[in-house]
>>> print(open('model.cif').read())   # mmCIF, C-alpha atoms
data_data
#
loop_
_atom_site.label_atom_id
_atom_site.label_comp_id
_atom_site.auth_asym_id
_atom_site.auth_seq_id
_atom_site.Cartn_x
_atom_site.Cartn_y
_atom_site.Cartn_z
CA MET A 1 -18.42 9.11 -13.55
CA THR A 2 -17.71 6.29 -16.00
CA PRO A 3 -14.14 6.11 -17.34
CA VAL A 4 -13.58 6.64 -21.06
CA ASP A 5 -10.37 5.02 -22.29
CA GLY A 6 -9.04 5.00 -18.74
CA ILE A 7 -9.86 8.65 -17.97
CA SER A 8 -12.73 10.09 -15.94
CA VAL A 9 -13.50 13.69 -15.03
CA GLU A 10 -15.29 15.27 -12.09
CA ARG A 11 -16.23 18.95 -11.91
CA THR A 12 -16.87 20.78 -8.65
CA GLY A 13 -17.40 24.51 -8.94
CA HIS A 14 -14.45 26.06 -10.78
CA VAL A 15 -12.18 23.02 -10.22
CA ALA A 16 -12.01 19.84 -12.32
CA THR A 17 -10.44 16.58 -11.17
CA VAL A 18 -9.12 14.29 -13.89
CA TRP A 19 -8.65 10.68 -12.82
CA LEU A 20 -6.22 8.23 -14.37
CA ASP A 21 -8.77 5.45 -14.05
CA ARG A 22 -7.28 2.03 -14.82
CA PRO A 23 -6.48 0.93 -11.25
CA GLU A 24 -6.49 -2.75 -12.23
CA ARG A 25 -3.49 -1.97 -14.49
CA GLY A 26 -1.79 0.48 -12.13
CA ASN A 27 -3.11 3.33 -14.31
CA GLY A 28 -0.66 2.24 -17.00
CA PHE A 29 -1.04 4.17 -20.25
CA ILE A 30 -2.22 2.77 -23.56
CA SER A 31 -2.41 5.02 -26.64
CA ASP A 32 -6.15 5.69 -26.34
CA MET A 33 -5.70 6.70 -22.71
CA GLN A 34 -2.99 9.22 -23.66
CA ILE A 35 -5.24 10.69 -26.34
CA GLU A 36 -8.22 10.92 -23.99
CA LEU A 37 -6.18 12.52 -21.21
CA HIS A 38 -4.98 15.32 -23.49
CA ARG A 39 -8.41 15.73 -25.07
CA GLN A 40 -9.96 16.22 -21.64
CA LEU A 41 -7.26 18.71 -20.59
CA ALA A 42 -7.84 20.72 -23.78
CA ASP A 43 -11.63 20.69 -23.25
CA LEU A 44 -11.23 21.88 -19.67
CA ASP A 45 -8.84 24.61 -20.78
CA SER A 46 -11.42 25.91 -23.25
CA ASP A 47 -14.10 26.02 -20.52
CA ASP A 48 -14.03 29.44 -18.83
CA ASN A 49 -15.89 28.06 -15.82
CA ILE A 50 -12.93 25.78 -14.98
CA ARG A 51 -10.10 27.75 -13.41
CA ALA A 52 -7.86 24.94 -12.14
CA VAL A 53 -7.39 21.24 -12.90
CA VAL A 54 -6.12 18.46 -10.64
CA VAL A 55 -4.91 15.17 -12.14
CA THR A 56 -4.67 12.15 -9.83
CA GLY A 57 -4.65 8.36 -9.96
CA ARG A 58 -7.36 5.91 -8.97
CA GLY A 59 -6.21 3.24 -6.56
CA ARG A 60 -2.76 2.50 -5.23
CA PHE A 61 -0.59 4.04 -7.97
CA PHE A 62 -0.49 7.37 -9.74
CA SER A 63 0.75 5.61 -12.88
CA THR A 64 3.08 2.72 -13.61
CA GLY A 65 3.92 4.32 -16.97
CA ALA A 66 3.33 2.69 -20.33
CA ASP A 67 1.32 -0.52 -20.13
CA MET A 68 3.72 -3.14 -21.45
CA GLU A 69 1.26 -6.03 -21.44
CA PRO A 70 -0.17 -7.32 -24.76
CA GLY A 71 -2.38 -4.62 -26.23
CA GLY A 72 -0.52 -1.94 -24.30
CA ALA A 73 2.75 -0.20 -25.14
CA ASN A 74 4.85 -1.27 -28.07
CA PHE A 75 8.15 0.52 -28.60
CA ALA A 76 9.20 -1.45 -31.71
CA PHE A 77 7.08 0.56 -34.15
CA ASP A 78 6.88 -0.39 -37.80
CA ALA A 79 6.57 2.35 -40.46
CA GLU A 80 2.77 2.52 -40.26
CA GLN A 81 2.74 2.68 -36.47
CA THR A 82 5.45 5.34 -36.52
CA ALA A 83 3.41 7.48 -38.93
CA ARG A 84 0.35 7.21 -36.68
CA ALA A 85 2.41 8.05 -33.61
CA ARG A 86 3.93 11.11 -35.29
CA LYS A 87 0.48 12.36 -36.27
CA MET A 88 -0.80 11.82 -32.73
CA MET A 89 2.18 13.72 -31.30
CA GLU A 90 1.75 16.62 -33.73
CA GLU A 91 -1.94 16.96 -32.86
CA ARG A 92 -1.55 16.50 -29.10
CA PRO A 93 -2.41 19.63 -27.11
CA ARG A 94 0.57 21.06 -25.25
CA PRO A 95 -0.22 21.52 -21.53
CA TRP A 96 2.32 24.32 -21.20
CA LYS A 97 0.36 26.33 -23.80
CA MET A 98 -2.88 26.04 -21.84
CA ARG A 99 -3.98 28.94 -19.65
CA THR A 100 -5.48 26.70 -16.95
CA PRO A 101 -3.18 25.65 -14.08
CA ILE A 102 -2.73 21.86 -13.94
CA ILE A 103 -1.79 20.33 -10.59
CA ALA A 104 -0.56 16.74 -10.37
CA ALA A 105 -1.80 15.00 -7.21
CA MET A 106 0.62 12.08 -7.34
CA ASN A 107 -1.10 9.87 -4.80
CA GLY A 108 1.15 6.86 -5.31
CA SER A 109 4.24 5.64 -7.10
CA ALA A 110 4.93 6.64 -10.70
CA VAL A 111 7.53 5.78 -13.32
CA GLY A 112 8.09 6.39 -17.03
CA LEU A 113 5.13 8.22 -18.59
CA GLY A 114 3.73 8.43 -15.07
CA MET A 115 6.59 10.85 -14.36
CA THR A 116 7.10 12.63 -17.68
CA PHE A 117 3.46 13.61 -18.18
CA PRO A 118 3.22 15.35 -14.75
CA LEU A 119 6.54 17.06 -15.51
CA GLN A 120 4.70 18.86 -18.34
CA TRP A 121 2.13 20.21 -15.89
CA ASP A 122 2.53 23.15 -13.55
CA ILE A 123 2.61 21.99 -9.93
CA ARG A 124 3.32 18.55 -8.45
CA ILE A 125 2.15 17.34 -5.03
CA MET A 126 3.76 13.97 -4.21
CA ASN A 127 3.28 11.17 -1.73
CA GLU A 128 6.29 11.51 0.54
CA SER A 129 6.86 7.75 0.86
CA ALA A 130 5.94 6.62 -2.68
CA LYS A 131 8.59 5.70 -5.25
CA TYR A 132 9.15 7.63 -8.47
CA GLY A 133 11.59 7.28 -11.32
CA PHE A 134 12.65 8.09 -14.86
CA VAL A 135 13.38 4.44 -15.60
CA PHE A 136 13.84 4.70 -19.37
CA THR A 137 17.53 3.74 -19.59
CA ARG A 138 16.71 0.56 -17.66
CA ARG A 139 14.29 -0.35 -20.44
CA GLY A 140 16.78 0.43 -23.22
CA LEU A 141 15.09 3.74 -24.05
CA ILE A 142 15.85 7.44 -23.69
CA PRO A 143 13.66 9.73 -21.56
CA GLU A 144 10.73 11.24 -23.47
CA GLN A 145 7.86 13.73 -23.40
CA ASN A 146 10.17 16.77 -23.24
CA SER A 147 11.71 15.62 -19.95
CA LEU A 148 15.28 16.06 -21.25
CA TRP A 149 14.49 19.74 -21.86
CA LEU A 150 12.64 20.49 -18.63
CA LEU A 151 14.13 18.37 -15.86
CA PRO A 152 17.57 20.08 -15.93
CA LYS A 153 15.79 23.43 -15.64
CA LEU A 154 13.97 22.21 -12.52
CA VAL A 155 16.78 20.45 -10.66
CA GLY A 156 20.04 21.46 -12.38
CA MET A 157 22.01 19.48 -14.94
CA SER A 158 23.97 17.29 -12.53
CA ASN A 159 20.93 16.20 -10.53
CA ALA A 160 18.93 15.67 -13.72
CA LEU A 161 21.60 13.50 -15.30
CA GLU A 162 21.92 11.41 -12.16
CA LEU A 163 18.20 10.63 -12.22
CA LEU A 164 18.00 10.17 -16.00
CA LEU A 165 21.18 8.12 -16.52
CA THR A 166 20.75 5.77 -13.57
CA GLY A 167 16.98 5.43 -13.90
CA ARG A 168 16.94 4.93 -10.13
CA LEU A 169 13.88 5.28 -7.92
CA PHE A 170 13.52 8.15 -5.47
CA SER A 171 10.96 9.08 -2.83
CA GLY A 172 8.46 11.91 -2.89
CA THR A 173 10.46 13.54 -0.11
CA GLU A 174 13.59 13.50 -2.27
CA ALA A 175 11.58 14.85 -5.21
CA LYS A 176 10.57 17.80 -3.02
CA ASP A 177 14.14 18.38 -1.92
CA LEU A 178 15.34 18.32 -5.55
CA GLY A 179 12.63 20.71 -6.76
CA ILE A 180 10.55 18.28 -8.83
CA ALA A 181 7.63 18.56 -6.40
CA SER A 182 6.45 21.70 -4.65
CA ARG A 183 5.20 19.63 -1.70
CA ALA A 184 5.60 16.08 -0.38
CA VAL A 185 2.91 14.97 2.08
CA PRO A 186 1.52 11.70 3.51
CA ALA A 187 -0.47 9.62 1.00
CA GLU A 188 -3.89 10.51 2.42
CA GLN A 189 -3.12 14.24 2.19
CA VAL A 190 -2.00 14.35 -1.46
CA LEU A 191 -5.37 14.84 -3.13
CA PRO A 192 -6.84 17.15 -0.43
CA THR A 193 -3.68 19.30 -0.61
CA ALA A 194 -3.91 19.56 -4.39
CA LEU A 195 -7.64 20.31 -4.33
CA ALA A 196 -7.18 23.00 -1.68
CA MET A 197 -4.49 24.63 -3.80
CA ALA A 198 -6.69 24.43 -6.90
CA GLU A 199 -9.61 25.97 -5.00
CA GLU A 200 -7.39 28.81 -3.77
CA ILE A 201 -6.31 29.59 -7.34
CA ALA A 202 -9.86 29.26 -8.66
CA THR A 203 -11.50 31.53 -6.09
CA GLN A 204 -8.83 33.97 -4.91
CA ALA A 205 -6.79 34.73 -8.03
CA ALA A 206 -7.98 36.46 -11.20
CA PRO A 207 -8.31 33.91 -14.02
CA SER A 208 -6.96 36.38 -16.60
CA ALA A 209 -3.88 37.07 -14.47
CA VAL A 210 -3.34 33.37 -13.70
CA GLY A 211 -3.64 32.40 -17.36
CA LEU A 212 -1.30 35.09 -18.61
CA THR A 213 1.21 34.48 -15.80
CA LYS A 214 1.39 30.80 -16.76
CA GLN A 215 1.80 31.63 -20.44
CA LEU A 216 4.58 34.14 -19.83
CA ALA A 217 6.43 31.91 -17.36
CA TYR A 218 6.75 29.15 -19.96
CA GLU A 219 7.59 31.59 -22.75
CA MET A 220 10.39 33.05 -20.68
CA LEU A 221 11.94 29.63 -20.07
CA GLY A 222 13.09 29.85 -23.67
CA GLU A 223 13.81 33.59 -23.78
CA THR A 224 17.56 34.23 -23.79
CA ASP A 225 17.42 38.03 -23.98
CA ARG A 226 16.79 39.36 -20.48
CA GLU A 227 15.91 42.85 -21.72
CA VAL A 228 13.24 41.47 -24.06
CA ALA A 229 11.75 39.47 -21.17
CA PHE A 230 11.92 42.49 -18.87
CA HIS A 231 10.09 44.79 -21.29
CA ARG A 232 7.44 42.19 -22.22
CA GLU A 233 6.65 41.58 -18.55
CA TRP A 234 6.58 45.35 -17.78
CA GLU A 235 4.29 46.20 -20.70
CA LEU A 236 1.81 43.42 -19.92
CA PHE A 237 1.84 44.34 -16.22
CA ARG A 238 0.81 47.89 -17.17
CA TRP A 239 -1.79 46.60 -19.65
CA MET A 240 -3.31 44.22 -17.07
CA GLY A 241 -3.58 47.12 -14.65
CA ARG A 242 -6.12 48.70 -16.99
CA GLN A 243 -8.30 45.57 -17.21
CA PRO A 244 -11.50 44.87 -15.20
CA ASP A 245 -9.92 42.08 -13.13
CA SER A 246 -7.37 44.51 -11.73
CA SER A 247 -10.09 46.96 -10.69
CA GLU A 248 -12.03 44.13 -9.05
CA GLY A 249 -8.93 42.79 -7.30
CA VAL A 250 -8.23 46.18 -5.71
CA ALA A 251 -11.88 46.85 -4.86
CA SER A 252 -12.44 43.46 -3.22
CA PHE A 253 -9.28 43.90 -1.15
CA ILE A 254 -10.30 47.36 0.07
CA GLU A 255 -13.87 46.24 0.76
CA LYS A 256 -12.68 43.04 2.47
CA ARG A 257 -14.88 40.73 0.41
CA ALA A 258 -14.44 37.78 -1.91
CA PRO A 259 -13.48 38.85 -5.45
CA LYS A 260 -15.80 38.38 -8.43
CA PHE A 261 -13.43 38.53 -11.37
CA PRO A 262 -15.23 39.18 -14.68
CA SER A 263 -12.53 38.39 -17.24
CA SER A 264 -11.65 35.16 -19.06
CA LYS A 265 -8.55 33.08 -18.35
CA ASN A 266 -8.08 33.10 -22.13
CA ILE A 267 -7.90 36.88 -22.31
CA ASP A 268 -6.32 38.15 -25.55
CA ALA A 269 -3.11 39.88 -24.53
CA PRO A 270 -1.66 42.41 -26.98
CA ASP A 271 1.66 42.07 -28.72
CA THR A 272 4.14 44.04 -26.63
CA GLY A 273 5.71 45.56 -29.75
CA SER A 274 2.37 47.17 -30.58
CA LEU A 275 2.23 48.67 -27.09
CA TRP A 276 5.55 50.43 -27.64
CA GLN A 277 4.34 51.62 -31.06
CA ALA A 278 1.14 53.00 -29.52
CA LEU A 279 3.22 54.80 -26.89
CA ASP A 280 5.37 56.42 -29.58
CA GLU A 281 2.27 57.62 -31.44
#
>>> encode(input="model.cif", output="structure tokens")
Amino acid sequence: MTPVDGISVERTGHVATVWLDRPERGNGFISDMQIELHRQLADLDSDDNIRAVVVTGRGRFFSTGADMEPGGANFAFDAEQTARARKMMEERPRPWKMRTPIIAAMNGSAVGLGMTFPLQWDIRIMNESAKYGFVFTRRGLIPEQNSLWLLPKLVGMSNALELLLTGRLFSGTEAKDLGIASRAVPAEQVLPTALAMAEEIATQAAPSAVGLTKQLAYEMLGETDREVAFHREWELFRWMGRQPDSSEGVASFIEKRAPKFPSSKNIDAPDTGSLWQALDE
């Protein structure tokens, strides 16, 4: 498992572990490492054999954010660098559009990009005693990577603004209390907890249902019409009930055996408007 641009990947059964693998630099991000991380996540999402992904850090830290040593991060972009950065951002896969659950196993402290990247993922398991922070204002920057959109939705506007405006550090335990993390556990339990959760998703839940549930959950974050959301959810619930994974889920429960779900996590769900049209016809 040799790192490529600071990222290495390990596959075990239906679960993949992605390592931030620059421990000598605190897993600090350089541009190539960001690109490789998102390339690997996209590749794993396209692989139907992988049903859950865990991202963790090698060594003491999860990630110290952008590497600000020479050859690392540079925030004073000239026109050419800005153009390259815009192109990279446009082409970067969006984790919230992937059907595969991504679990952050935040084994150690994290700041900056080390916090905003995991915020884009689905579930965060944190080290209860490690230190975390959105330290951007203390570096003369604004928070990035969509964190201004998502953090208030996770913790409420007042709590979000406290963390974002002060740039203060907080513990994994506080992150759990605020709602940033789903669990805060001792350091040695972070990765095993995340892997156990990933294995449960990968073996006990239907990949088609998991993938579509994730997609709809993120879509509905931006849906302002409750009736539209209600009908979309209802129609797709009924449609999923006619798919093979639903039959297998019921049969395995009745027969008290492990499920063998046949469908893809990237199942093509119909447009809900077409379902209503078909009903009318």
>>> closest_residue(input="model.cif", among="A:Val15, A:Leu164, A:Met240, A:Ile50", to="Ala198 in chain A", atoms="all atoms listed in the file")
A:Val15
>>> residues_near_point(input="model.cif", point="(1.3, 18.7, -18.5)", cutoff="10 Å", atoms="all atoms listed in the file", output="list in words")
His38, Leu41, Val55, Pro93, Arg94, Pro95, Trp96, Lys97, Met98, Pro101, Ile102, Ile103, Ala104, Thr116, Phe117, Pro118, Leu119, Gln120, Trp121, Asp122, Ile123 and Gln145 of chain A
>>> resolve_selection(input="model.cif", expression="the PyMOL selection byres ((chain A and resi 37) around 12)", output="VMD selection string")
chain A and resid 3 to 9 17 to 21 27 29 to 36 38 to 44 55 to 56 92 to 95 117 to 118
>>> closest_residue(input="model.cif", among="A:Leu195, A:Ile125, A:Met115, A:Val190", to="Asn146 in chain A", atoms="only C-alpha atoms")
A:Met115
>>> residues_near_point(input="model.cif", point="(-8.8, 41.1, -6.2)", cutoff="6 Å", atoms="all atoms listed in the file", output="list in words")
Glu248, Gly249, Val250, Ser252, Phe253 and Pro259 of chain A
>>> atom_distance(input="model.cif", atom1="CA of Glu235 in chain A", atom2="CA of Gln204 in chain A")
23.9 Å
>>> residues_around(input="model.cif", residues="Val111 in chain A", least_positions_apart="2", cutoff="8 Å", atoms="all atoms listed in the file", output="ChimeraX atom specification")
/A:63-65,109,113-115,132-135
>>> resolve_selection(input="model.cif", expression="the PyMOL selection byres ((chain A and resi 140) around 12)", output="MDAnalysis selection string")
chainID A and resid 75:76 135:139 141:143 165:167
>>> closest_residue(input="model.cif", among="A:Glu188, A:Glu10, A:Glu200, A:Glu91", to="Arg51 in chain A", atoms="all atoms listed in the file")
A:Glu200
